[in-house]
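Here the structure comes first, spelled out in structure tokens, and everything after it is commentary.
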Amino acid sequence: MPLITVSQLSKKFCARLRTSLWYGLRDMAAEVLPWRPRRQARLRPHEFWGLQDVSFELRPGEALAIVGANGAGKSTLLKLLNGLIKPDGGRIHIRGQVGALIELGVGLDPVLSGRENVFVRAALLGFSRAQVGPLLADIEAFAGLGEAMEMPVQFYSSGMVSRLAYAVTVHLRPEVLLVDEVLAVGDMDFQRKCINHMLAYLAGGGAIVLVSHNPYHIQAVCQRGLLLEHGQVTFAGTGLETLDRYFATQLQAPGQVGSAVPTASASRPVVIRGLQFEAQGAPAITNGCPLRVSLAYEAHHAIENVGWAFYMWTNDGLTCVTGGLRLEPVTLQAGHHQLACTVVDLPLTAGEYVVKAAIFELHSQQPLALVGWEDAPVSLRVEGSIDLEKNFQSMLRQLVTLNLSWHN
């Protein structure tokens, strides 16, 4: 039997504050006063759908990844599941207790110590002090905060807050766990501990709904995934399939940076206009061919002592395969110009890759302009002939080749 059943779930928001308050009063009146017409799941002036017609089921032992760009409706869905906001259409049925890690620090009193906040957060979830007492040692050990448990939470770092909140929530053993990006602020050791705990939690019959931009977390934990775009489900499949579809939608056309690039100004002295790849002496980009990399930029004024770099990543954005970094000083000229280099022998095997680039100050190492880091990276396709070597590379997921001289 499913732990979570969501059917045709919809939620709308209003873009204007005063109008939103007026609509809220009318909606409350419609629920309380019998002669008022009940609100309908349709848009009124200045409203938009934050979530529309979302349906899924989640059974014990299953983890569902909610994937999508910022503003796609992921956090809205978790808040609806947790009962923080009311839906405007559809229904939600959840069996058992829900543990939620949606917003960092929610339910923690900054004046109280970490230990005192364990009892406060547990009380908000409906647990008495007597029920929490036997779990306190395990909670403290999992959080790993040591003497900081006696310190007021207002002096905690974001990572320490994440440790405490996660430790309390999961040790109360809810049937359903809702997690929204709170692991992103933890260090690598704590993230690894949480992933291992989630796997054990699923094996014990729990269910997880996970929102994360970290592909590793999704691949490690989630068997299933939903891709949200503008509040609607555009794809449902396995976790890996959903990630692949999401990365495909995020990729720019080859060599294109995007249409919404701002103009260089005094506050933004440099912008990257394009990133182009061109095979030298060959009709297509293939393994082993020379490759010209051209970065088009616009500078508001001339800037000295600048470096630039580009990095080639796997198609899922998880692994940096190779790249180039120029640390010799370059002077950017005012206006539209290019920086370029040639990859003498491209080591990448056939497949799809993404490329990120940066222009940075040499003395401070701070970026002046980025592409692919804060927005979608630029795609690079390496062609290959159908032969035995390519088949071996595909089977082994080999990314680069070596320029070898074989000896008998």
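In the structure tokens, chains take the letters A, B, ... in the order shown, each chain's residues start at 1, and ligands count up from 1 in the order shown.
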Query raised in the report: DSSP on the backbone: what in region 152-325 of chain A comes out helix (DSSP H, G or I), as a ChimeraX atom specification?
Result: /A:153-155,158-171,182-185,188-203,215-221,239-250
Show which residues sit within 6 Å of region 349-361 of chain A, as an NGL selection string. Count only C-alpha atoms, and ignore same-chain residues fewer than 3 positions away.
:A and (287 or 306-315 or 364-372 or 377-384 or 399-400)
Residues of region 146-230 of chain A that approach region 118-140 of chain A to 9 Å or less, counting only C-alpha atoms: could you list each one with the shortest pair of atoms and its distance in Å to one decimal, rows by chain and increasing residue number, as JSON lines?
```
{"residue": "A:Gly146", "atom": "CA", "partner": "A:Glu140", "partner_atom": "CA", "distance": 7.5}
{"residue": "A:Met149", "atom": "CA", "partner": "A:Glu140", "partner_atom": "CA", "distance": 7.6}
{"residue": "A:Leu164", "atom": "CA", "partner": "A:Val118", "partner_atom": "CA", "distance": 7.9}
{"residue": "A:Ala165", "atom": "CA", "partner": "A:Arg121", "partner_atom": "CA", "distance": 8.2}
{"residue": "A:Ala167", "atom": "CA", "partner": "A:Ile139", "partner_atom": "CA", "distance": 5.4}
{"residue": "A:Val168", "atom": "CA", "partner": "A:Ile139", "partner_atom": "CA", "distance": 6.0}
{"residue": "A:Thr169", "atom": "CA", "partner": "A:Ala122", "partner_atom": "CA", "distance": 7.7}
{"residue": "A:Val170", "atom": "CA", "partner": "A:Ile139", "partner_atom": "CA", "distance": 8.8}
{"residue": "A:His171", "atom": "CA", "partner": "A:Ile139", "partner_atom": "CA", "distance": 6.5}
{"residue": "A:Leu172", "atom": "CA", "partner": "A:Ala122", "partner_atom": "CA", "distance": 7.6}
```
Please save N, CA and C atoms of the selected residues as a PDB file, in the first residue's frame.
```
ATOM      1  N   GLY A 146      29.738  17.606  19.234  1.00  0.00           N
ATOM      2  CA  GLY A 146      30.569  17.647  20.430  1.00  0.00           C
ATOM      3  C   GLY A 146      30.085  18.660  21.439  1.00  0.00           C
ATOM      4  N   MET A 149      26.993  21.279  21.289  1.00  0.00           N
ATOM      5  CA  MET A 149      25.606  20.993  21.659  1.00  0.00           C
ATOM      6  C   MET A 149      25.147  21.876  22.819  1.00  0.00           C
ATOM      7  N   LEU A 164      22.372  19.237  12.996  1.00  0.00           N
ATOM      8  CA  LEU A 164      21.447  19.092  14.120  1.00  0.00           C
ATOM      9  C   LEU A 164      20.033  18.784  13.624  1.00  0.00           C
ATOM     10  N   ALA A 165      19.566  19.535  12.622  1.00  0.00           N
ATOM     11  CA  ALA A 165      18.207  19.345  12.131  1.00  0.00           C
ATOM     12  C   ALA A 165      18.017  17.951  11.557  1.00  0.00           C
ATOM     13  N   ALA A 167      19.812  15.198  12.191  1.00  0.00           N
ATOM     14  CA  ALA A 167      19.953  14.180  13.238  1.00  0.00           C
ATOM     15  C   ALA A 167      18.668  14.036  14.046  1.00  0.00           C
ATOM     16  N   VAL A 168      18.046  15.170  14.405  1.00  0.00           N
ATOM     17  CA  VAL A 168      16.817  15.110  15.197  1.00  0.00           C
ATOM     18  C   VAL A 168      15.699  14.462  14.392  1.00  0.00           C
ATOM     19  N   THR A 169      15.514  14.924  13.163  1.00  0.00           N
ATOM     20  CA  THR A 169      14.382  14.466  12.352  1.00  0.00           C
ATOM     21  C   THR A 169      14.444  12.970  12.084  1.00  0.00           C
ATOM     22  N   VAL A 170      15.595  12.471  11.655  1.00  0.00           N
ATOM     23  CA  VAL A 170      15.657  11.072  11.234  1.00  0.00           C
ATOM     24  C   VAL A 170      15.619  10.110  12.417  1.00  0.00           C
ATOM     25  N   HIS A 171      16.091  10.543  13.595  1.00  0.00           N
ATOM     26  CA  HIS A 171      16.086   9.639  14.740  1.00  0.00           C
ATOM     27  C   HIS A 171      14.714   9.530  15.399  1.00  0.00           C
ATOM     28  N   LEU A 172      13.773  10.379  14.981  1.00  0.00           N
ATOM     29  CA  LEU A 172      12.395  10.228  15.437  1.00  0.00           C
ATOM     30  C   LEU A 172      11.636   9.226  14.584  1.00  0.00           C
TER      31      LEU A 172
END
```
| message | So that I can see what lies close to Val293 (chain A), please list as a list in words the residues with an atom at most 8 Å from it, counting only C-alpha atoms and leaving out residues fewer than 5 positions away in the same chain. | response |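 Within the cut-off, the hits are Leu275, Gln276, Phe277, Glu278, Ala340, Cys341, Thr342 and Val343 of chain A.
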With distances taken over only C-alpha atoms, the candidate from A:Ile94, A:Leu58, A:Leu17, A:Ala236 nearest Val209 (chain A) is A:Leu58
Need to verify the contact set: His300 (chain A), 9 Å, only C-alpha atoms, exclusion of same-chain residues closer than 3 positions in sequence. Can you return it as a PyMOL selection string? chain A and resi 263-266+268-271+303+333-335
Residues from the last selection, C-alpha atoms, saved as a PDB file, in the first residue's frame:
```pdb
ATOM      1  CA  THR A 263      25.501  44.028 -21.717  1.00  0.00           C
ATOM      2  CA  ALA A 264      28.883  44.874 -20.214  1.00  0.00           C
ATOM      3  CA  SER A 265      28.695  47.834 -17.848  1.00  0.00           C
ATOM      4  CA  ALA A 266      30.650  49.545 -15.079  1.00  0.00           C
ATOM      5  CA  ARG A 268      29.629  44.122 -14.791  1.00  0.00           C
ATOM      6  CA  PRO A 269      32.837  44.939 -16.688  1.00  0.00           C
ATOM      7  CA  VAL A 270      33.047  41.662 -18.651  1.00  0.00           C
ATOM      8  CA  VAL A 271      30.454  39.268 -20.069  1.00  0.00           C
ATOM      9  CA  ILE A 303      41.364  45.231 -18.169  1.00  0.00           C
ATOM     10  CA  GLN A 333      40.382  45.069 -24.904  1.00  0.00           C
ATOM     11  CA  ALA A 334      37.288  47.244 -24.640  1.00  0.00           C
ATOM     12  CA  GLY A 335      34.449  46.076 -26.888  1.00  0.00           C
TER      13      GLY A 335
END
```
_Please list as a PyMOL selection string every residue within 8 Å of Ile195 (chain A), counting only C-alpha atoms and excluding residues in the same chain fewer than 3 positions away._
chain A and resi 191-192+198-199+217+220-221
note - CA of Arg163 (chain A) and CA of Ala148 (chain A) are separated by 11.6 Å
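Residues in contact range of Leu240 (chain A), defined as at most 10 Å between only C-alpha atoms, with sequence neighbours fewer than 3 positions away removed, read Ala65, Pro215, Ile218, Gln219, Ala220, Cys222, Gln223, Arg224, Gly225, Gly237, Leu243, Asp244, Arg245, Tyr246 and Asp316 of chain A.
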I'd like to know which residues of region 6-145 of chain A are strand (DSSP E) (by DSSP, run on the backbone); could you write them as a PDB file with C-alpha atoms, in the first residue's frame?
```pdb
ATOM      1  CA  VAL A   6      -0.840  12.476  -4.788  1.00  0.00           C
ATOM      2  CA  SER A   7      -3.575  13.018  -7.356  1.00  0.00           C
ATOM      3  CA  GLN A   8      -3.966  16.036  -9.688  1.00  0.00           C
ATOM      4  CA  LEU A   9      -2.281  18.312  -7.138  1.00  0.00           C
ATOM      5  CA  SER A  10      -2.314  22.026  -8.009  1.00  0.00           C
ATOM      6  CA  LYS A  11      -1.254  25.224  -6.260  1.00  0.00           C
ATOM      7  CA  LYS A  12      -1.519  28.797  -7.524  1.00  0.00           C
ATOM      8  CA  PHE A  13       0.094  32.015  -6.371  1.00  0.00           C
ATOM      9  CA  CYS A  14      -0.548  35.695  -6.956  1.00  0.00           C
ATOM     10  CA  GLU A  47      -2.326  34.560 -10.546  1.00  0.00           C
ATOM     11  CA  PHE A  48      -0.097  31.823 -11.935  1.00  0.00           C
ATOM     12  CA  TRP A  49       0.315  28.107 -11.366  1.00  0.00           C
ATOM     13  CA  GLY A  50       3.159  27.213  -9.037  1.00  0.00           C
ATOM     14  CA  LEU A  51       2.175  23.548  -9.402  1.00  0.00           C
ATOM     15  CA  GLN A  52      -0.411  21.990 -11.702  1.00  0.00           C
ATOM     16  CA  ASP A  53      -1.879  18.479 -12.035  1.00  0.00           C
ATOM     17  CA  VAL A  54       0.944  16.578 -10.318  1.00  0.00           C
ATOM     18  CA  SER A  55       0.249  12.906  -9.565  1.00  0.00           C
ATOM     19  CA  PHE A  56       2.395  10.099  -8.152  1.00  0.00           C
ATOM     20  CA  GLU A  57       2.525   7.307  -5.585  1.00  0.00           C
ATOM     21  CA  LEU A  58       5.361   6.391  -3.239  1.00  0.00           C
ATOM     22  CA  ALA A  63      12.884   7.225  -2.829  1.00  0.00           C
ATOM     23  CA  LEU A  64      11.566   9.795  -5.299  1.00  0.00           C
ATOM     24  CA  ALA A  65      13.777  12.591  -6.674  1.00  0.00           C
ATOM     25  CA  ILE A  66      12.070  15.857  -7.609  1.00  0.00           C
ATOM     26  CA  VAL A  67      14.246  17.452 -10.278  1.00  0.00           C
ATOM     27  CA  GLY A  89      -6.789  21.459  -6.448  1.00  0.00           C
ATOM     28  CA  GLY A  90      -6.271  17.713  -6.195  1.00  0.00           C
ATOM     29  CA  ARG A  91      -5.603  15.688  -3.082  1.00  0.00           C
ATOM     30  CA  ILE A  92      -2.785  14.306  -0.919  1.00  0.00           C
ATOM     31  CA  HIS A  93      -3.038  11.162   1.192  1.00  0.00           C
ATOM     32  CA  ILE A  94      -0.121  10.239   3.486  1.00  0.00           C
ATOM     33  CA  VAL A  98       6.164  12.859   8.122  1.00  0.00           C
ATOM     34  CA  GLY A  99       9.637  14.176   8.942  1.00  0.00           C
ATOM     35  CA  ALA A 100      10.563  17.275   6.953  1.00  0.00           C
ATOM     36  CA  LEU A 101      13.871  19.007   6.286  1.00  0.00           C
TER      37      LEU A 101
END
```
The residue from A:Pro45, A:Glu389, A:Val179, A:His336 with the smallest atom-to-atom distance to Ser20 (chain A), counting only C-alpha atoms, is A:Pro45
